[in-house]
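Working notes, structure below.
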Amino acid sequence: MPERGGLDVSPVPASGATPRTRPPKGGRRYRMMIAYDGTDLSGWQAQPEKRTVQGALEAALKQLTGETVRVHSCGRTDTGVHARAQVAHFDLARPWEVWKLQKGLNAVLPEAVRVSELRFARPDFHARYDAQGKEYRYTIWNAPVACPLHRLQTVHVRKPLDLVAMRRAAAMLEGTHDFAAFSANPHRETGGTVRTLWRLAVRKRGNLVTISALGDGFLYKMVRSLAGHLMRVGTGAVPAEETPLLLSSRRRTARVETAPACGLCLWKIHYRSIPGLPKPAGVC
């Protein structure tokens, strides 16, 4: 399956069944939170001859435990996308103390990847299928001169952004819609293109403009497409009032641009119902 604007969030099969397995007899399941700078990584999924997050974690576990371990994540990130709190799980046939395993992993992982939290999980916990919601943040450095300290994790936009127009467009995108116009490949979305976007907020602090997207799931490059559209609205290239027309067209066109990967960060995975928001049904 392809990546999703950050994450692979294909819906649970219609039957409600999920490919859940349990740890081997005598073994334990672990849940970890991972942070990484995706600048020099080829995304999450392990690939031959490429540096990936999954590949690095599985190699580290093999080195430490001697076991060949499959690490299952809440989703797969694109090349160049960052994460503050990606969640994954794995099983070990011979259990380790969590503090010792976390310390060992961080000692052998590449500097761009760190296990920020590790704990035992219940035997049927699944990082992907138990997720209730996902949150991304897209960050822009909005000033005439780029900031070297932010060059790897933000996108530089020289022209002043019209935040009022961006917020107006963002409000039109919130809710349950067919987001085909904001998928880079809507025809390959096997679970359909309807998603619920609970919150799409635009905030500014100094020269940093942050677009925060919280939803029940995201299509292929959907968050980067939302960010690209809002940036075009902010620079005056597209009027905010065109947003509903783009949504209703259900067709991906050049009017919606995909923002660069470097500005995107997977911010948080929600495993409990989010206060004040409806619980998602059938989409993870």
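Lettering and numbering for the structure tokens are positional, with chains as A, B, ... in the shown order, residues counted from 1 in each chain, and ligands counted from 1 in the shown order.
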* To do: Quick one: everything within 12 Å of Ser248 (chain A), counting only C-alpha atoms, minus sequence neighbours fewer than 3 positions away in the same chain. Send it as an MDAnalysis selection string.
  => chainID A and resid 172:173 177:182 194 242:245 251:252
* Using the chain letters and numbers from this document, which residues of region 5-96 of chain A does DSSP assign to strand (DSSP E or B), as a PyMOL selection string? -> chain A and resi 28-36+72-73+82-92
For the residues selected in the previous step, produce a file with C-alpha atoms as a PDB file, in the first residue's frame.
ATOM      1  CA  ARG A  28       6.068 -10.200  25.319  1.00  0.00           C
ATOM      2  CA  ARG A  29       4.711  -7.393  23.172  1.00  0.00           C
ATOM      3  CA  TYR A  30       6.336  -3.969  23.383  1.00  0.00           C
ATOM      4  CA  ARG A  31       4.979  -0.558  22.460  1.00  0.00           C
ATOM      5  CA  MET A  32       7.405   2.177  21.524  1.00  0.00           C
ATOM      6  CA  MET A  33       7.264   5.861  20.664  1.00  0.00           C
ATOM      7  CA  ILE A  34       9.779   6.978  18.050  1.00  0.00           C
ATOM      8  CA  ALA A  35      11.077  10.399  17.064  1.00  0.00           C
ATOM      9  CA  TYR A  36      13.154  10.991  13.967  1.00  0.00           C
ATOM     10  CA  HIS A  72       4.653  -2.737  13.083  1.00  0.00           C
ATOM     11  CA  SER A  73       3.929   0.992  13.038  1.00  0.00           C
ATOM     12  CA  HIS A  82       9.728  13.818  10.291  1.00  0.00           C
ATOM     13  CA  ALA A  83       8.074  12.408  13.408  1.00  0.00           C
ATOM     14  CA  ARG A  84       7.834  13.606  16.985  1.00  0.00           C
ATOM     15  CA  ALA A  85       5.801  10.668  18.300  1.00  0.00           C
ATOM     16  CA  GLN A  86       5.296   7.796  15.888  1.00  0.00           C
ATOM     17  CA  VAL A  87       4.030   4.637  17.614  1.00  0.00           C
ATOM     18  CA  ALA A  88       4.984   1.046  16.785  1.00  0.00           C
ATOM     19  CA  HIS A  89       4.891  -2.389  18.382  1.00  0.00           C
ATOM     20  CA  PHE A  90       6.949  -5.577  18.188  1.00  0.00           C
ATOM     21  CA  ASP A  91       7.220  -8.953  19.922  1.00  0.00           C
ATOM     22  CA  LEU A  92      10.174 -10.679  21.533  1.00  0.00           C
TER      23      LEU A  92
END
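In terms of minimum interatomic distance to Asn142 (chain A), A:Thr154 ranks closest within A:Ser225, A:Thr258, A:Thr79, A:Thr154, counting only C-alpha atoms.
By chain and then residue number, the residues within 6 Å of region 156-163 of chain A are Ile140, Trp141, Asn142, Ala143, Pro144, Gly234 and Thr235 of chain A, counting only C-alpha atoms and disregarding those fewer than 6 positions away in sequence.
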Create the file for the chosen residues now, containing N, CA and C atoms and written as a PDB file, in the first residue's frame.
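Saved as out_3.pdb:
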ATOM      1  N   ILE A 140       6.102  26.387   8.464  1.00  0.00           N
ATOM      2  CA  ILE A 140       6.588  27.307   7.433  1.00  0.00           C
ATOM      3  C   ILE A 140       7.397  28.410   8.110  1.00  0.00           C
ATOM      4  N   TRP A 141       8.555  28.724   7.559  1.00  0.00           N
ATOM      5  CA  TRP A 141       9.314  29.900   7.985  1.00  0.00           C
ATOM      6  C   TRP A 141       8.922  31.030   7.042  1.00  0.00           C
ATOM      7  N   ASN A 142       8.162  31.985   7.567  1.00  0.00           N
ATOM      8  CA  ASN A 142       7.590  33.041   6.735  1.00  0.00           C
ATOM      9  C   ASN A 142       8.304  34.366   6.992  1.00  0.00           C
ATOM     10  N   ALA A 143       9.353  34.604   6.222  1.00  0.00           N
ATOM     11  CA  ALA A 143      10.164  35.815   6.355  1.00  0.00           C
ATOM     12  C   ALA A 143      10.968  35.995   5.070  1.00  0.00           C
ATOM     13  N   PRO A 144      11.419  37.219   4.771  1.00  0.00           N
ATOM     14  CA  PRO A 144      12.196  37.436   3.547  1.00  0.00           C
ATOM     15  C   PRO A 144      13.478  36.618   3.485  1.00  0.00           C
ATOM     16  N   GLY A 234      -2.645  31.695   1.083  1.00  0.00           N
ATOM     17  CA  GLY A 234      -1.950  32.712   1.864  1.00  0.00           C
ATOM     18  C   GLY A 234      -1.143  33.689   1.040  1.00  0.00           C
ATOM     19  N   THR A 235      -0.622  33.230  -0.085  1.00  0.00           N
ATOM     20  CA  THR A 235       0.161  34.115  -0.949  1.00  0.00           C
ATOM     21  C   THR A 235      -0.705  34.839  -1.974  1.00  0.00           C
TER      22      THR A 235
END
Quick one: everything within 12 Å of region 56-58 of chain A, counting only C-alpha atoms, minus sequence neighbours fewer than 6 positions away in the same chain. Send it as a short mmCIF file (atom, residue, chain, number, x, y, z; two decimals) with C-alpha atoms, in the first residue's frame.
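Contents of around-v1.cif, freshly written:
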data_model
loop_
_atom_site.label_atom_id
_atom_site.label_comp_id
_atom_site.auth_asym_id
_atom_site.auth_seq_id
_atom_site.Cartn_x
_atom_site.Cartn_y
_atom_site.Cartn_z
CA MET A 32 7.40 2.18 21.52
CA MET A 33 7.26 5.86 20.66
CA ILE A 34 9.78 6.98 18.05
CA ALA A 35 11.08 10.40 17.06
CA TYR A 36 13.15 10.99 13.97
CA LEU A 41 15.81 8.81 5.53
CA SER A 42 13.75 7.10 2.82
CA GLY A 43 10.60 7.05 4.92
CA TRP A 44 9.37 4.38 7.33
CA GLN A 45 9.16 1.16 5.33
CA ALA A 46 12.23 -1.07 5.13
CA GLN A 47 13.70 -1.11 1.61
CA PRO A 48 16.82 -2.81 0.22
CA GLU A 49 19.87 -0.54 0.09
CA LYS A 50 17.99 2.41 1.63
CA LEU A 64 20.72 -6.46 20.64
CA THR A 65 18.48 -9.51 21.02
CA GLY A 66 19.59 -11.86 18.29
CA GLU A 67 15.96 -12.19 17.20
CA THR A 68 14.59 -11.35 13.75
CA VAL A 69 11.81 -8.93 14.68
CA ARG A 70 9.12 -7.24 12.58
CA VAL A 71 8.26 -3.76 13.82
CA HIS A 72 4.65 -2.74 13.08
CA SER A 73 3.93 0.99 13.04
CA ALA A 88 4.98 1.05 16.78
CA HIS A 89 4.89 -2.39 18.38
CA PHE A 90 6.95 -5.58 18.19
CA ASP A 91 7.22 -8.95 19.92
CA LEU A 92 10.17 -10.68 21.53
CA LEU A 101 16.13 -2.48 25.86
CA GLN A 102 15.38 1.22 25.30
CA GLY A 104 20.43 -0.41 24.14
CA LEU A 105 18.36 0.58 21.10
CA ASN A 106 19.27 4.25 21.42
CA ALA A 107 22.93 3.31 21.74
CA VAL A 108 23.01 1.56 18.35
CA LEU A 109 20.39 3.44 16.32
CA PRO A 110 21.50 6.18 13.89
CA GLU A 111 21.51 9.67 15.43
CA ALA A 112 18.45 10.68 13.40
CA VAL A 113 16.25 8.05 15.12
CA ARG A 114 15.45 7.70 18.81
CA VAL A 115 13.09 5.57 20.89
#
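CA of Ala169 (chain A) sits 10.1 Å away from CA of Val202 (chain A).
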* Between A:Glu189, A:Leu149, A:Gly215, A:Gly206, which is the closest to Thr176 (chain A) once you count only C-alpha atoms? -> A:Gly215
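Checking A:Arg20, A:His126, A:Arg137, A:Arg203 one by one against Val223 (chain A), counting only C-alpha atoms, you find the shortest gap at A:Arg137.
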* To do: One decimal, Å: what's the distance from CA of Arg76 (chain A) over to CA of Met222 (chain A), could you say?
  => 13.5 Å
Please provide the set of residues having any atom within 8 Å of Gly228 (chain A), restricted to only C-alpha atoms, with same-chain residues fewer than 3 positions apart removed, written as a PDB file with C-alpha atoms, in the first residue's frame.
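Wrote it out as around00.pdb, contents follow:
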ATOM      1  CA  ARG A 224       0.976  18.056   2.239  1.00  0.00           C
ATOM      2  CA  SER A 225      -1.774  18.822  -0.289  1.00  0.00           C
ATOM      3  CA  MET A 231       0.001  28.304   1.312  1.00  0.00           C
ATOM      4  CA  ARG A 232      -1.298  29.233  -2.145  1.00  0.00           C
ATOM      5  CA  VAL A 256      -3.718  21.880  -5.590  1.00  0.00           C
ATOM      6  CA  GLU A 257       0.023  21.667  -5.015  1.00  0.00           C
ATOM      7  CA  THR A 258       1.813  19.132  -2.830  1.00  0.00           C
ATOM      8  CA  ALA A 259       3.965  20.996  -0.317  1.00  0.00           C
TER       9      ALA A 259
END
